[in-house]
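Encoded as structure tokens, the structure appears first; notes follow it.
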Amino acid sequence: MKKKLLLLVTLTLISSLLFAAPFGLRMGMNLEEISQACGGQRPKNVKDDCYKISPEKNHPLFEKYYAYVDDVEGLYYIKAVSLSITSNQYGTELKEKFYEISNRIAKTYGTPEIADEVLDSSDYYAKRDDGWLEAINKGSRILSARWETESPMKDNLEYVYLYVTAGYYSNRGWVNLEYRFTNADDVEDSQDDVF
């Protein structure tokens, strides 16, 4: 009886560790391990080391998930893209979703550094409140949150980055979420060995 209880506790602990990181994915996972975290669904190669995935542990706001997997280092980067968010020219609805997600992420990683600023002051739309969405689209303005510390963060992360994008001449926008693991530098170093 004690052995069964010990086995059950051990399995519970192992499964909780497996799903502790973002979307149930952790640094260094290979494609087979990612497939298991996606309920057996095999990652679909999009380009080079980028794979479209469907993690079992997901968030209802996000519809697209991408895992960047190196042959040697394994998983080193995750990107999630939200559903399309219809917004007015002031970006009200998009801003609301951005801050809602930012506040939820802050529960795990602490207070982020928020950037809500004009990047190109010569852009007509960037200075106007009623041109906020258009300025985001043009890259004249940003709204982002970044979680980063000098030492590795929880879950072996280098940083977490949340930002908004907008459609070209449309009233739609997206919230994008990126996780960069500490092994991403090793992947870049191995890629740079060719120079």
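Just remember, in the structure tokens the first chain shown is A, the second B, etc., residues are 1-based per chain, and ligands are 1-based in the order shown.
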
Got a sec: who's within 9 Å of range 73-86 of chain A, counting only C-alpha atoms, leaving out chain neighbours fewer than 3 positions off, as a ChimeraX atom specification? /A:22,25-31,34,60-70,91,93-94,97,170-187

Taking the chain letters and numbering used in this document, name the residues of range 14-190 of chain A that DSSP puts in alpha helix (DSSP H), as a PyMOL selection string. chain A and resi 14-18+31-37+92-109+132-138+184-190

Output N, CA and C atoms for every residue in that selection, as a tab-separated table (two decimals), in the first residue's frame.
```tsv
chain	number	residue	atom	x	y	z
A	14	ILE	N	5.95	14.40	-10.87
A	14	ILE	CA	6.57	14.43	-12.20
A	14	ILE	C	5.64	15.12	-13.20
A	15	SER	N	4.36	14.78	-13.17
A	15	SER	CA	3.43	15.41	-14.12
A	15	SER	C	3.27	16.90	-13.84
A	16	SER	N	3.34	17.31	-12.58
A	16	SER	CA	3.23	18.74	-12.28
A	16	SER	C	4.47	19.49	-12.76
A	17	LEU	N	5.62	18.84	-12.68
A	17	LEU	CA	6.84	19.46	-13.20
A	17	LEU	C	6.82	19.56	-14.72
A	18	LEU	N	6.24	18.57	-15.38
A	18	LEU	CA	6.17	18.58	-16.83
A	18	LEU	C	5.32	19.74	-17.35
A	31	LEU	N	11.08	17.28	-30.23
A	31	LEU	CA	9.79	17.25	-30.92
A	31	LEU	C	8.85	16.18	-30.38
A	32	GLU	N	9.40	15.06	-29.98
A	32	GLU	CA	8.56	13.99	-29.42
A	32	GLU	C	7.94	14.44	-28.09
A	33	GLU	N	8.72	15.07	-27.25
A	33	GLU	CA	8.20	15.57	-25.96
A	33	GLU	C	7.16	16.67	-26.18
A	34	ILE	N	7.39	17.52	-27.16
A	34	ILE	CA	6.42	18.58	-27.49
A	34	ILE	C	5.13	17.94	-28.00
A	35	SER	N	5.27	16.92	-28.82
A	35	SER	CA	4.11	16.19	-29.33
A	35	SER	C	3.27	15.64	-28.17
A	36	GLN	N	3.93	15.09	-27.15
A	36	GLN	CA	3.22	14.58	-25.98
A	36	GLN	C	2.49	15.70	-25.24
A	37	ALA	N	3.12	16.88	-25.14
A	37	ALA	CA	2.49	18.03	-24.48
A	37	ALA	C	1.34	18.60	-25.31
A	92	THR	N	-8.92	50.88	-28.19
A	92	THR	CA	-9.47	50.62	-26.86
A	92	THR	C	-9.55	49.13	-26.53
A	93	GLU	N	-10.18	48.36	-27.40
A	93	GLU	CA	-10.37	46.93	-27.13
A	93	GLU	C	-9.05	46.17	-27.13
A	94	LEU	N	-8.15	46.54	-28.03
A	94	LEU	CA	-6.84	45.89	-28.09
A	94	LEU	C	-6.02	46.20	-26.83
A	95	LYS	N	-6.06	47.45	-26.39
A	95	LYS	CA	-5.36	47.83	-25.16
A	95	LYS	C	-5.92	47.06	-23.96
A	96	GLU	N	-7.25	46.93	-23.89
A	96	GLU	CA	-7.87	46.21	-22.78
A	96	GLU	C	-7.38	44.77	-22.71
A	97	LYS	N	-7.34	44.09	-23.85
A	97	LYS	CA	-6.86	42.70	-23.87
A	97	LYS	C	-5.38	42.63	-23.50
A	98	PHE	N	-4.59	43.58	-23.99
A	98	PHE	CA	-3.16	43.62	-23.68
A	98	PHE	C	-2.95	43.73	-22.17
A	99	TYR	N	-3.63	44.68	-21.52
A	99	TYR	CA	-3.45	44.87	-20.08
A	99	TYR	C	-4.04	43.71	-19.28
A	100	GLU	N	-5.11	43.11	-19.77
A	100	GLU	CA	-5.67	41.95	-19.08
A	100	GLU	C	-4.65	40.81	-19.05
A	101	ILE	N	-4.04	40.51	-20.20
A	101	ILE	CA	-3.04	39.43	-20.27
A	101	ILE	C	-1.79	39.82	-19.49
A	102	SER	N	-1.36	41.06	-19.60
A	102	SER	CA	-0.18	41.53	-18.88
A	102	SER	C	-0.36	41.33	-17.37
A	103	ASN	N	-1.52	41.67	-16.86
A	103	ASN	CA	-1.79	41.50	-15.43
A	103	ASN	C	-1.79	40.03	-15.01
A	104	ARG	N	-2.26	39.17	-15.89
A	104	ARG	CA	-2.26	37.74	-15.57
A	104	ARG	C	-0.84	37.18	-15.58
A	105	ILE	N	-0.04	37.58	-16.54
A	105	ILE	CA	1.35	37.12	-16.60
A	105	ILE	C	2.13	37.63	-15.39
A	106	ALA	N	1.81	38.85	-14.96
A	106	ALA	CA	2.49	39.45	-13.80
A	106	ALA	C	2.31	38.61	-12.54
A	107	LYS	N	1.24	37.85	-12.46
A	107	LYS	CA	1.02	36.98	-11.31
A	107	LYS	C	2.11	35.90	-11.22
A	108	THR	N	2.66	35.53	-12.36
A	108	THR	CA	3.70	34.50	-12.41
A	108	THR	C	5.10	35.09	-12.39
A	109	TYR	N	5.32	36.17	-13.15
A	109	TYR	CA	6.68	36.68	-13.35
A	109	TYR	C	6.95	38.05	-12.73
A	132	TRP	N	-4.29	55.84	-33.05
A	132	TRP	CA	-3.46	54.90	-32.29
A	132	TRP	C	-3.29	53.56	-33.01
A	133	LEU	N	-4.38	52.97	-33.47
A	133	LEU	CA	-4.32	51.66	-34.12
A	133	LEU	C	-3.50	51.73	-35.41
A	134	GLU	N	-3.69	52.78	-36.18
A	134	GLU	CA	-2.93	52.96	-37.43
A	134	GLU	C	-1.44	53.14	-37.13
A	135	ALA	N	-1.11	53.86	-36.08
A	135	ALA	CA	0.29	54.07	-35.70
A	135	ALA	C	0.94	52.75	-35.26
A	136	ILE	N	0.19	51.90	-34.58
A	136	ILE	CA	0.69	50.57	-34.20
A	136	ILE	C	0.99	49.78	-35.47
A	137	ASN	N	0.06	49.83	-36.42
A	137	ASN	CA	0.24	49.11	-37.68
A	137	ASN	C	1.50	49.56	-38.41
A	138	LYS	N	1.75	50.84	-38.43
A	138	LYS	CA	2.90	51.39	-39.16
A	138	LYS	C	4.22	51.22	-38.40
A	184	ALA	N	18.59	29.79	-25.87
A	184	ALA	CA	18.51	30.45	-27.18
A	184	ALA	C	19.85	31.04	-27.59
A	185	ASP	N	20.63	31.52	-26.62
A	185	ASP	CA	21.96	32.05	-26.93
A	185	ASP	C	22.86	30.97	-27.50
A	186	ASP	N	22.77	29.75	-26.96
A	186	ASP	CA	23.58	28.64	-27.47
A	186	ASP	C	23.18	28.29	-28.90
A	187	VAL	N	21.89	28.37	-29.20
A	187	VAL	CA	21.42	28.12	-30.56
A	187	VAL	C	22.00	29.16	-31.50
A	188	GLU	N	21.92	30.44	-31.11
A	188	GLU	CA	22.47	31.51	-31.95
A	188	GLU	C	23.98	31.37	-32.12
A	189	ASP	N	24.69	31.00	-31.04
A	189	ASP	CA	26.14	30.81	-31.14
A	189	ASP	C	26.49	29.71	-32.13
A	190	SER	N	25.74	28.61	-32.11
A	190	SER	CA	26.03	27.53	-33.04
A	190	SER	C	25.70	27.93	-34.48
```

DSSP strand (DSSP E or B) residues within range 81-156 of chain A, as a VMD selection string: chain A and resid 81 to 82 85 to 86 113 to 118 141 to 153

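Within 7 Å of Pro112 in chain A, once only C-alpha atoms are used and residues closer than 4 positions along the same chain are dropped, the contacting residues are Ala106, Ala145, Arg146 and Trp147 of chain A.
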
In Å, with one decimal, what is the gap from CA of Thr149 in chain A to CA of Val72 in chain A? 25.7 Å

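Between CA of Arg141 in chain A and CA of Ile114 in chain A the interatomic distance comes to 13.0 Å.
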
Counting only C-alpha atoms, the option among A:Asn88, A:Phe23, A:Tyr159, A:Glu148 closest to His59 in chain A: A:Phe23
